[in-house]
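Right, one structure below, let's go through it.
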Amino acid sequence: MVNSEYERRIAARFATFDQDGNGYIDRADFAAAAKAVLAEFGVAARSDKGQAVYVGAEAFWQGMAGIADRDGDQRITREEFVTGAVKRLRDNPERFAEIARPFLHAALDVADADGDGRATVEDTVRVLRALGAPEEVARGAAGVLDADADDKVGEAEIVPAFARYFTVPQ
């Protein structure tokens, strides 16, 4: 795949982070994502799980800003995302996975109704929908994540898949 095609696909994924659609990614977008996940599952922000989601979102924002916010204005433009984050992460998707892990772990914990460390496919769909994925996309992604068809999705499946989605051409 030519570099421009790769960058075009990644630029389209920028919208996944730009929760409010204002044209840039900032701390508020990560807080909005945390709030949406908690609201979907009826978890209070001040609960331990709620705080873990917000702390994870802040850690994710800090990691993303450290990689992509080239001008230090606490906002990541589409261009910064494509030229900064993507080019740096393309060669090391595991780094992106580690930046995202605290948030993904906390969101999974919120969705894990029985406490076994894994969410059902249906609850995974709910998380993805809360984060802005259309129903059809969320269902397809959750189904793919359940590679062993046991109706459960765990951190070992979610984190690398998340990194691949944002850093590997598909």
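Labeling convention for the structure tokens: chains A, B, ... as they appear, residues from 1 per chain, ligands from 1 in order of appearance.
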
For region 103-128 of chain A versus region 39-63 of chain A, which residues have an atom no more than 7 Å away, and what is each residue's nearest atom pair and distance in Å rounded to one decimal, using only C-alpha atoms, chain-then-number order, as JSON lines?
{"residue": "A:Phe103", "atom": "CA", "partner": "A:Gly56", "partner_atom": "CA", "distance": 3.8}
{"residue": "A:Ala106", "atom": "CA", "partner": "A:Val53", "partner_atom": "CA", "distance": 4.9}
{"residue": "A:Ala107", "atom": "CA", "partner": "A:Val53", "partner_atom": "CA", "distance": 6.1}
{"residue": "A:Val110", "atom": "CA", "partner": "A:Lys49", "partner_atom": "CA", "distance": 6.4}
{"residue": "A:Ala111", "atom": "CA", "partner": "A:Phe41", "partner_atom": "CA", "distance": 7.0}

**Report entry** Shell of 8 Å around Gly23 (chain A), only C-alpha atoms, local chain residues under 2 positions omitted, as a PyMOL selection string
**Finding:** chain A and resi 18+21+25+77-78

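Checking A:Glu135, A:Asp116, A:Asp148, A:Glu155 one by one against Ala100 (chain A), counting only C-alpha atoms, you find the shortest gap at A:Glu155.
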
Query - Between CA of Leu128 (chain A) and CA of Pro102 (chain A), distance in Å (one decimal) - result: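 The value is 16.3 Å.
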
Report task. Select, from A:Gly143, A:Pro160, A:Gly84, A:Gly132, the residue with the minimum atom-to-atom distance to Ala32 (chain A), counting only C-alpha atoms. Result ->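 Closest candidate: A:Gly132.
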
Query raised in the report: Using only C-alpha atoms, which of A:Val159, A:Val144, A:Val153, A:Ala28 sits nearest His105 (chain A)?
Result: A:Val159

Query - alpha helix (DSSP H) call set, DSSP backbone run, region 4-163 of chain A, as JSON, numbers by chain - result: {"A": [4, 5, 6, 7, 8, 9, 10, 11, 12, 13, 14, 15, 16, 17, 27, 28, 29, 30, 31, 32, 33, 34, 35, 36, 37, 38, 39, 40, 41, 48, 49, 50, 51, 52, 53, 54, 55, 56, 57, 58, 59, 60, 61, 62, 63, 64, 65, 66, 67, 68, 78, 79, 80, 87, 88, 89, 90, 93, 94, 95, 96, 97, 98, 99, 100, 101, 102, 103, 104, 105, 106, 107, 108, 109, 110, 111, 121, 122, 123, 124, 125, 126, 127, 128, 129, 130, 135, 136, 137, 138, 139, 140, 141, 142, 143, 144, 145, 155, 156, 157, 158, 159, 160, 161, 162, 163]}

As an mmCIF file with N, CA and C atoms, in the first residue's frame, please: every residue in region 67-135 of chain A that a backbone DSSP assignment puts in strand (DSSP E).
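Final output, out.cif:
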data_model
loop_
_atom_site.group_PDB
_atom_site.id
_atom_site.type_symbol
_atom_site.label_atom_id
_atom_site.label_comp_id
_atom_site.auth_asym_id
_atom_site.auth_seq_id
_atom_site.Cartn_x
_atom_site.Cartn_y
_atom_site.Cartn_z
ATOM 1 N N ILE A 76 -4.327 18.039 19.121
ATOM 2 C CA ILE A 76 -3.722 17.268 18.042
ATOM 3 C C ILE A 76 -4.592 17.461 16.805
ATOM 4 N N THR A 77 -4.028 18.101 15.793
ATOM 5 C CA THR A 77 -4.754 18.297 14.549
ATOM 6 C C THR A 77 -4.714 16.999 13.738
ATOM 7 N N ARG A 118 -13.108 -10.548 31.464
ATOM 8 C CA ARG A 118 -13.505 -10.497 30.057
ATOM 9 C C ARG A 118 -14.932 -9.994 29.957
ATOM 10 N N ALA A 119 -15.233 -9.299 28.882
ATOM 11 C CA ALA A 119 -16.588 -8.804 28.633
ATOM 12 C C ALA A 119 -17.255 -9.700 27.601
ATOM 13 N N THR A 120 -18.566 -9.781 27.662
ATOM 14 C CA THR A 120 -19.289 -10.514 26.620
ATOM 15 C C THR A 120 -19.166 -9.748 25.311
#

Query raised in the report: A:Leu131, A:Thr83, A:Ala36, A:Gly66: which is nearest Ser4 (chain A), counting only C-alpha atoms?
Result: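 Closest to Ser4 (chain A), using only C-alpha atoms: A:Thr83.
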
Requested in this report: Using only C-alpha atoms, pick whichever of A:Val121, A:Val127, A:Ala156, A:Leu104 has the shortest atom-to-atom distance to Gly140 (chain A).
Outcome: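 Closest to Gly140 (chain A), using only C-alpha atoms: A:Val121.
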